[in-house]
Every structure is written in C-alpha cells, then in structure tokens.
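Chemist: Dropping the structure in here first, questions after.
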Amino acid sequence: MLDTGRTARRLESYVQGAWRAGQGEGKPLANAATGEVHAYIGSDGLDFAGALDWGREVGGKALRGHTIHERALMLKSIGMKLMEMKDEFYAESLATGATARDAWPDIDGGIGTMLTFASKARRELPNARVIPEGAVEGLSRDGSFVGQHILVPMRGVAIHINAFNFPVWGMLEKIAPALIAGMPCLVKPASATAYLSELVVRRILEMGILPDGALQIVCGGVGDLLDHVTGQDIVTFTGSASTGRKLKAHPAIVENSVRFTMEADSLNAAILGPDAVPGTPEFDLFIKEVHREMTAKAGQKCTAIRRVIVPKGQEQAVIEALSDRLGKTPLGLPDDANARMSALASLGDRDGVREKIAEISREAEIVFGDPSRVELVSGDAETGAFLNPVLLHCADPLTATAPHDIEAFGPVATVMAYDGLEEAVTLAMKGKGSLVSSVFTNDPAVAAELVIGVAPFHGRVMLGNRDSAKTSTGHGAPLAPLVHGGPGRAGGGEEMGGMRGVKHFMMRTAVQGTPRLLSAVTGEWVAGAPVAQGTHPFRKSLAELAIGDQLVTERRVISEEDVEHFAHFTGDTFYAHMDSDAAKANPFFDDRVAHGYLIASFAAGLFVQPDPGPVLANYGVDNLRFLTPVYFGDSLQVQLTCKQINPREGTVYGEVRWDCRVTNQNDEVVAEYDVLTMVAKSWPLPQEA
C-alpha cells in the first residue's frame with residue numbers, strides 16, 4: 001500500500017538556467033488517495049519576464065542553430081532515457097490517484113508520443129532549418145518571377161499551460177513538436193499534480209541533451225508571465241473552457257495577436273448504431289468502451305464519454321449492461337491490486353463533481369451509483385478523493401439542457417435516446433463542440449451518415465466495430481499522427497496531427513523572387529535557377545554534390561517494337577497501346593501510344609550511370625505525371641537535376657531528390673516527376689559501413 005512516511009518536498013521552478021524555489025513555504029499539495037501532504041508549491045518572486053527573455057535569447061538561438069533532424073534526434077535520445085526511468089515516474093504518479101493502468105497512457109503514452117514525433121520528423125521533414133511548403137508558383141510568363149511558402153521557427157517562447165489529469169503526456173506531446181520546430185518551451189503544469197511534471201523535467205535536464213534555455217518549468221502560479229508575451233510567443237492551454245477564455249482575453253495576448261491554442265474539456269458522446277442491438281459484438285464493445293471511459297483515471301479525462309446516445313428502445317438494455325460492469329469495478333488505493341479505479345485528483349474535484357451531478361440530475365435521473373456514498377476495498381473515504389461511478393438517464397434529451405451543458409469531470413455519464421440518425425446527430429451537436437465522438441456500428445451506411453453529420457462539431461470521430469476490436473486504441477486515446485482538439489466548447493484549438501503539430505510553432509511566409517534567389521532561401525533547386533553540368537551527378541557523393549547539378553541525356557526514339565515488347569513482357573496490353581482504331585477513338589490520343597511506365601523505364605535507362613558508385617539505391621518516385629502522349633517515332637530526352645539534398649544524421653548516406661523532366665523532339669514535356677535516391681556521404685564508403 002501507499003507509503004505514508006515520506007517527507008513532502010518543496011517543488012522548484014527551472015528558469016533562467018537554474019532551479020529556483022519561490023518565496024515562502026508554498027502551498028501544500030495533497031496525495032489524492034490518502035489526503036496527506038505530498039509536496040509544497042509556489043512561484044512567488046520569480047522573474048517571469050526574465051524567464052521569457054532567457055528562453056528567447058538563449059534557448060531559441062541555440063535551437064535554431066540545429067537542423068530539424070538534429071533536434072528530433074535530441075528528443076529521441078531523451079525519450080529512450082525516459083523509458084529507462086519510468087518506474088520512478090509510476091511511483092510518483094500514485095500520489096495523483098492514478099492506478100498503474102491509469103498512468104500508462106500518461107507516462108508510457110507521453111514518452112511514446114515524443115518518440116513518434118522524433119521519428120516522423122526525420123522521415124517526413126528535411127534535415128534543414130527551413131521547410132519549403134507546397135509547389136513553386138509561377139508568377140510571370142517567362143518564369144523569372146516565382147513564389148513559394150516557407151516555414152521558419154517563431155522567435156519567441158512556447159508557453160504550455162497544462163491540465164492536472166495528464167502531467168506527463170500533456171507536457172511531452174506539446175514540447176515535442178515545439179522543440180522540433182526550433183522553439184524553446186516554458187511549461188506551467190497544473191498545481192495539483194505538478195510534482196510529477198517537475199520530476200520528469202528534472203530528469204530531462206539532468207541528461208544535458210537539450211541546449212540551455214530550451215526547456216523551463218514554472219511550478220506554481222503564472223504571476224505576471226502573460227503580461228510579457230509578444231507576437232512571437234505562442235501560448236497553449238489545456239483545461240476548463242472558462243479558464244481558457246479568460247487567458248485568451250488577456251490584454252497582452254489580444255494586443256500582440258499572440259497565437260493561442262486552447263484544448264478544453266468537452267461533453268464527448270458515444271453513439272450506438274441502430275444495428276448494434278444486444279447480442280452483437282458492437283453492442284458489447286460499446287458497453288465496454290463507455291465503462292472504460294467512465295472509470296479510467298476516475299473519469300478525469302478531457303476525452304471521456306459524458307453522453308451515451310443510444311437508439312430509442314435500447315435505453316434499458318444499455319443501462320442494465322453498464323450498471324452490471326460498473327457494479328463490478330472496485331474502488332480503492334491506486335497501488336491496490338484489487339482496485340480497478342482510484343481517487344480523483346483532489347477533494348475539491350470530488351466535491352465539484354458532486355455539485356455537477358446534482359445540477360444534471362434536475363433534468364436526468366440517477367440510475368446507478370450514489371454520489372454521496374463511497375464504497376471502497378481500500379483507503380479512507382473521508383481523506384481520499386474517492387467517488388464511485390454514477391450513471392444518469394435523461395428521458396427527454398432534445399429539450400433538456402443540463403446533460404449537454406454541464407460537465408461533471410469525473411466517473412459520470414448520462415444515457416439518452418434518439419429516434420433516427422438525424423436525431424442522433426442533433427443530440428451530439430448539442431454539446432456545442434467536442435474533442436471526440438465515437439460511433440459503434442457494423443453498417444457502412446450508418447457509419448457514413450453519422451460521421452459526416454457529427455464531424456463539423458468534433459475534432460475526431462472513432463468508429464468501433466468487430467473488425468477493429470483487437471486493434472482499436474479506443475474512444476479516449478489521442479494519437480500523435482492525428483489531430484487533437486475540437487471546435488466550439490472544446491476550445492477551437494488543434495495540436496499533434498503528426499507534422500501538422502510541428503508547423504503550429506512555425507511562421508508560414510510567402511517568398512517571391514527569381515528562381516535563383518528563391519532556391520537560395522529554400523535550399524531546393526527551382527526550375528530556372530542556375531545549373532551545373534559536367535561530371536555525371538550519380539558519380540558524386542554528398543560531399544561533392546550540389547543543388548542544381550544537372551545531366552541532360554542523349555535521345556532515344558520510341559518504336560512500335562519497343563511498345564509491343566513492353567506490352568507482352570509486362571502483360572499490359574491496354575487497347576491504347578495495341579489497337580490503332582481503338583486508340584484513335586479515344587479523345588486523348590491520335591493513334592497508338594507508348595505506355596507511361598515504358599517512358600519512365602526508358603528515362604531511367606537514359607539517366608542512370610551503371611557503375612558502382614555513391615548512389616546506393618533508388619527508393620521511390622514522387623508526383624509522377626504523364627503530360628503529353630508519346631507516339632511511334634518520337635524521341636525522348638531527360639533533364640535530371642539535383643533538387644534537394646537531405647543528409648541523414650548518424651548514417652553514412654543521405655537522401656537526394658532529383659527533378660526529372662522527360663521531353664520529346666518538340667521540347668514538349670511528356671513526363672515529370674521526382675526521383676528519390678540514397679546517396680553516400682563520401683565515396684568509397686568507410687570500411688566499417
């Protein structure tokens with residue numbers, strides 16, 4: 001059982017390059033399950049303006065001195081070391097009231113999210129300090145004036161004001177994309193569980209991997225921190241909608257047009273499809289998922305299911321099935337193996353949830369659980385913030401307001417019925433914007449109608465059915481590759497979403513100019529920029545290769561024999577290649593044409609240098625387009641230009657993107673695409689490679 005003999009520690013803040021305690025003893029923070037003082041917190045007297053300046057001038061400059069891949073590798077190293085330390089974090093997490101099962105998505109999930117960002121950044125973003133975005137836009141007829149968007153790091157600090165319920169994940173999923181983007185972070189964890197966030201930050205800083213100023217943490221109140229934000233800073237907030245609105249309206253944020261991203265709690269719904277009747281796998285999955293979302297972390301999740309929307313006539317079956325599962329969920333201390341649910345984060349939270357249940361019950365009936373009575377298998381109901389699950393039923397959800405407006409941030413949900421899919425969508429929308437909704441059905445038509453109906457009001461929709469029962473991550477799990485956030489009441493913000501999350505911390509700027517100057521800015525060759533011809537570029541290692549190195553090949557004439565051999569050899573005997581009359585009847589062709597893939601194959605034969613050398617492998621083709629038909633007798637020529645060089649950190653090779661243009665005897669472009677190759681950094685390769 002929980003160790004009650006420990007000495008409460010005084011939390012510190014790490015600002016301006018040092019750990020600093022605020023003035024005074026600090027405010028006591030209670031162990032959620034025992035009520036004993038676990039830590040003291042306070043930030044009075046800290047120099048918040050100085051902390052922001054330190055981040056901008058020291059941390060920002062240092063981070064921008066590294067490439068995206070170098071910053072991602074820092075996070076990979078940090079994540080791997082944190083995984084080795086996670087037992088310490090699990091032990092500290094017990095004080096938050098989280099069981100080991102509850103702590104897993106917070107601790108393992110948070111570290112895993114950081115590692116996912118680090119991996120995706122190295123796969124999907126260039127190893128550079130500037131990210132070119134989108135195609136080059138021609139702005140003049142002769143191609144001398146072009147434009148393109150670029151992404152560069154903001155020059156301020158990313159201030160992350162986090163919620164109490166995920167002190168690890170909530171922090172790591174925000175700092176990972178910001179640091180990869182090149183923006184220093186200042187984390188302000190919610191006080192109730194700040195001791196866990198502070199411990200993780202201590203361990204990260206002890207590693208010595210991040211440059212000075214890249215990561216700071218404030219344990220306690222924010223004081224006048226927001227008074228000093230500028231238009232280059234970014235503020236992210238996770239918590240209650242009311243607090244978020246107050247912060248968003250801060251004069252400095254409004255005056256300086258500071259980017260503000262809010263992710264607020266919401267009245268998320270789970271919808272049972274009309275086909276998912278008792279006895280079907282979908283009904284059972286629905287009951288299991290609602291139960292899990294009500295009881296995981298004692299229902300204190302921003303994605304937890306609050307509204308259980310079921311077909312009319314199914315209410316009683318759902319209530320009985322849920323009540324049966326809830327009745328078999330023992331409540332106790334977080335380290336008790338017999339407990340399946342533990343305490344809320346604080347006694348104040350428990351009292352607040354009871355008040356919200358009372359408000360909802362004015363328009364709904366409690367059908368399971370007694371909010372005033374606590375039954376435990378371990379622990380003390382007076383000193384610990386325990387609350388058994390409570391299920392309500394709203395008989396008239398279309399006219400009721402409380403179940404759609406009031407969130408009891410705990411193990412509480414309300415069952416309500418719909419008559420027809422349109423009414424189900426209407427009920428879901430009455431939440432005024434949510435982070436997530438889930439739909440349980442095995443009927444594709446039901447899935448399509450419900451998802452399209454609720455999508456405008458939700459940041460994410462999870463479809464549950466028998467086919468994904470073993471692999472689905474569930475209703476309540478935000479995932480690094482997918483966006484997290486929602487409209488309206490949910491805050492209108494967006495985070496994660498893979499590399500979309502990184503771009504949130506960068507400035508998108510349109511750059512216009514000549515191809516030569518634009519290429520210098522983006523680090524990518526642009527048509528019309530200077531080229532260099534001479535040694536075959538495939539004979540050059542990365543140490544020798546330069547953007548704009550180009551090969552213009554000899555010509556090759558396409559014959560009827562070429563096309564027929566290719567057709568029979570590959571089995572592609574499509575009529576446009578083999579039947580003259582049928583081809584002429586096609587509005588796109590004048591006669592039989594060469595296969596598109598024959599053109600790409602012959603192009604490779606023209607530009608490839610066959611001897612062993614720095615080009616180690618061809619790993620793909622991007623954006624292949626066939627633009628002009630190729631007829632018998634046409635001659636093809638290839639212009640191959642080094643477009644982008646992307647060295648890989650920690651390897652003997654890098655990725656090179658080549659611009660490939662195939663033209664005919666009339667200088668018409670018949671095909672264009674990007675060729676992707678792995679090229680050695682030096683040649684010959686080092687012996688150890």
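Residue names in the structure tokens use chain letters A, B, ... in the order shown, residue numbers from 1 in each chain, and ligand numbers from 1 in the order shown.
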Which parts of segment 18-125 of chain A does DSSP call strand (DSSP E or B) when run on the backbone here, written out as a ChimeraX atom specification?

Modeler: /A:18-20,27-30,37-41

Chemist: Okay, now the selection with N, CA and C atoms, as a PDB file, in the first residue's frame?

Modeler:
```
ATOM      1  N   ALA A  18      18.531  27.859 -13.929  1.00  0.00           N
ATOM      2  CA  ALA A  18      18.756  27.316 -12.586  1.00  0.00           C
ATOM      3  C   ALA A  18      17.431  26.900 -11.956  1.00  0.00           C
ATOM      4  N   TRP A  19      17.523  25.933 -11.013  1.00  0.00           N
ATOM      5  CA  TRP A  19      16.358  25.556 -10.215  1.00  0.00           C
ATOM      6  C   TRP A  19      16.192  26.587  -9.107  1.00  0.00           C
ATOM      7  N   ARG A  20      14.978  27.132  -8.999  1.00  0.00           N
ATOM      8  CA  ARG A  20      14.720  28.205  -8.038  1.00  0.00           C
ATOM      9  C   ARG A  20      13.404  27.921  -7.307  1.00  0.00           C
ATOM     10  N   LYS A  27       2.325  26.371  -1.101  1.00  0.00           N
ATOM     11  CA  LYS A  27       1.001  25.796  -0.856  1.00  0.00           C
ATOM     12  C   LYS A  27       1.103  24.275  -0.795  1.00  0.00           C
ATOM     13  N   PRO A  28       0.471  23.641   0.201  1.00  0.00           N
ATOM     14  CA  PRO A  28       0.542  22.176   0.281  1.00  0.00           C
ATOM     15  C   PRO A  28      -0.281  21.507  -0.820  1.00  0.00           C
ATOM     16  N   LEU A  29       0.252  20.421  -1.347  1.00  0.00           N
ATOM     17  CA  LEU A  29      -0.448  19.605  -2.334  1.00  0.00           C
ATOM     18  C   LEU A  29      -0.690  18.237  -1.712  1.00  0.00           C
ATOM     19  N   ALA A  30      -1.935  17.793  -1.704  1.00  0.00           N
ATOM     20  CA  ALA A  30      -2.289  16.547  -1.036  1.00  0.00           C
ATOM     21  C   ALA A  30      -2.162  15.350  -1.954  1.00  0.00           C
ATOM     22  N   VAL A  37      -0.092  15.459   2.944  1.00  0.00           N
ATOM     23  CA  VAL A  37       0.647  16.438   2.155  1.00  0.00           C
ATOM     24  C   VAL A  37       1.774  15.728   1.410  1.00  0.00           C
ATOM     25  N   HIS A  38       1.783  15.886   0.118  1.00  0.00           N
ATOM     26  CA  HIS A  38       2.782  15.219  -0.724  1.00  0.00           C
ATOM     27  C   HIS A  38       3.895  16.171  -1.148  1.00  0.00           C
ATOM     28  N   ALA A  39       3.555  17.445  -1.346  1.00  0.00           N
ATOM     29  CA  ALA A  39       4.542  18.425  -1.797  1.00  0.00           C
ATOM     30  C   ALA A  39       4.031  19.821  -1.471  1.00  0.00           C
ATOM     31  N   TYR A  40       4.938  20.783  -1.631  1.00  0.00           N
ATOM     32  CA  TYR A  40       4.581  22.198  -1.478  1.00  0.00           C
ATOM     33  C   TYR A  40       4.949  22.910  -2.768  1.00  0.00           C
ATOM     34  N   ILE A  41       4.110  23.862  -3.160  1.00  0.00           N
ATOM     35  CA  ILE A  41       4.318  24.517  -4.444  1.00  0.00           C
ATOM     36  C   ILE A  41       4.148  26.028  -4.305  1.00  0.00           C
TER      37      ILE A  41
END
```

Chemist: With only C-alpha atoms as the counted atoms, please give the residues lying no more than 7 Å from segment 633-635 of chain A, apart from itself and same-chain residues fewer than 2 positions off, as a ChimeraX atom specification.

Modeler: /A:555-559,630-631,637,664-665

Chemist: Filtering to N, CA and C atoms, could you give me those residues as a CSV table (one decimal), in the first residue's frame?

Modeler:
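Output saved as out-v9.csv:
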```
chain,number,residue,atom,x,y,z
A,555,ARG,N,19.2,11.3,-76.7
A,555,ARG,CA,17.9,11.0,-77.1
A,555,ARG,C,17.7,9.5,-77.4
A,556,ARG,N,16.4,9.1,-77.2
A,556,ARG,CA,16.0,7.7,-77.6
A,556,ARG,C,14.7,7.7,-78.3
A,557,VAL,N,14.7,7.1,-79.5
A,557,VAL,CA,13.5,7.0,-80.3
A,557,VAL,C,12.6,5.9,-79.9
A,558,ILE,N,11.3,6.1,-79.8
A,558,ILE,CA,10.4,5.1,-79.4
A,558,ILE,C,9.8,4.4,-80.6
A,559,SER,N,9.9,3.1,-80.7
A,559,SER,CA,9.4,2.3,-81.9
A,559,SER,C,8.2,1.5,-81.5
A,630,VAL,N,3.1,9.9,-76.2
A,630,VAL,CA,4.3,9.6,-76.9
A,630,VAL,C,3.9,8.6,-78.0
A,631,TYR,N,4.2,8.9,-79.3
A,631,TYR,CA,3.8,8.1,-80.4
A,631,TYR,C,5.1,7.5,-81.0
A,637,GLN,N,14.2,12.7,-74.4
A,637,GLN,CA,15.4,13.2,-73.7
A,637,GLN,C,15.1,13.5,-72.3
A,664,ASN,N,10.0,15.5,-75.5
A,664,ASN,CA,10.0,14.9,-76.8
A,664,ASN,C,10.8,15.8,-77.8
A,665,GLN,N,10.8,15.5,-79.1
A,665,GLN,CA,11.6,16.2,-80.1
A,665,GLN,C,11.2,17.6,-80.3
```

Chemist: What does the distance between atom CA of Val310 of chain A and atom CA of Pro105 of chain A come to in Å, to one decimal place?

Modeler: 28.0 Å

Chemist: Could you list, as a PyMOL selection string, every residue within 12 Å of segment 595-604 of chain A, counting only C-alpha atoms and ignoring same-chain residues fewer than 5 positions away?

Modeler: chain A and resi 552-560+562-578+609-610+618+621+624-632+634-640+658+660-664+669-675

Chemist: So which residues touch His475 of chain A within 9 Å, counting only C-alpha atoms, skipping near sequence neighbours fewer than 3 positions away, as an MDAnalysis selection string?

Modeler: chainID A and resid 270 289:290 293 303:305 436:438 461:464 472 478

Chemist: Between A:Asn388, A:Thr426, A:Ser434, A:Thr193, which has the minimum distance to Gly332 of chain A (counting only C-alpha atoms)?

Modeler: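 For Gly332 of chain A, the nearest of the given residues is A:Asn388.
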
Chemist: Using only C-alpha atoms, which of the listed residues (A:Leu139, A:Cys302, A:Ala445, A:Leu186) sits closest to Thr238 of chain A?

Modeler: A:Cys302

Chemist: Which residues, written as a list of chain:residue names, have at least one atom at most 8 Å from segment 529-538 of chain A, with only C-alpha atoms counted and residues fewer than 5 positions away on the same chain left out?

Modeler: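 The neighbour list is A:Thr514, A:Pro515, A:Arg516, A:Leu517, A:Ser519, A:Leu545, A:Ile547, A:Gly548, A:Asp549, A:Gln550, A:Leu551, A:Val608, A:Gln609, A:Gly613, A:Pro614, A:Val615, A:Thr641, A:Cys642.
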
Chemist: How would the residues just picked look written out with C-alpha atoms as a PDB file, in the first residue's frame?

Modeler:
```
ATOM      1  CA  THR A 514      13.701  34.958 -59.054  1.00  0.00           C
ATOM      2  CA  PRO A 515      14.245  31.193 -59.134  1.00  0.00           C
ATOM      3  CA  ARG A 516      17.920  31.713 -58.256  1.00  0.00           C
ATOM      4  CA  LEU A 517      17.190  33.680 -55.085  1.00  0.00           C
ATOM      5  CA  SER A 519      16.372  28.420 -54.390  1.00  0.00           C
ATOM      6  CA  LEU A 545      27.030  17.016 -54.969  1.00  0.00           C
ATOM      7  CA  ILE A 547      21.851  21.687 -55.669  1.00  0.00           C
ATOM      8  CA  GLY A 548      21.480  22.386 -59.388  1.00  0.00           C
ATOM      9  CA  ASP A 549      23.910  19.704 -60.590  1.00  0.00           C
ATOM     10  CA  GLN A 550      22.339  18.533 -63.825  1.00  0.00           C
ATOM     11  CA  LEU A 551      22.517  15.871 -66.507  1.00  0.00           C
ATOM     12  CA  VAL A 608      21.371   6.055 -64.842  1.00  0.00           C
ATOM     13  CA  GLN A 609      25.149   5.670 -64.577  1.00  0.00           C
ATOM     14  CA  GLY A 613      29.266   4.440 -57.003  1.00  0.00           C
ATOM     15  CA  PRO A 614      27.785   6.870 -54.467  1.00  0.00           C
ATOM     16  CA  VAL A 615      24.160   6.234 -55.498  1.00  0.00           C
ATOM     17  CA  THR A 641      18.632  17.973 -61.808  1.00  0.00           C
ATOM     18  CA  CYS A 642      19.654  17.658 -58.154  1.00  0.00           C
TER      19      CYS A 642
END
```
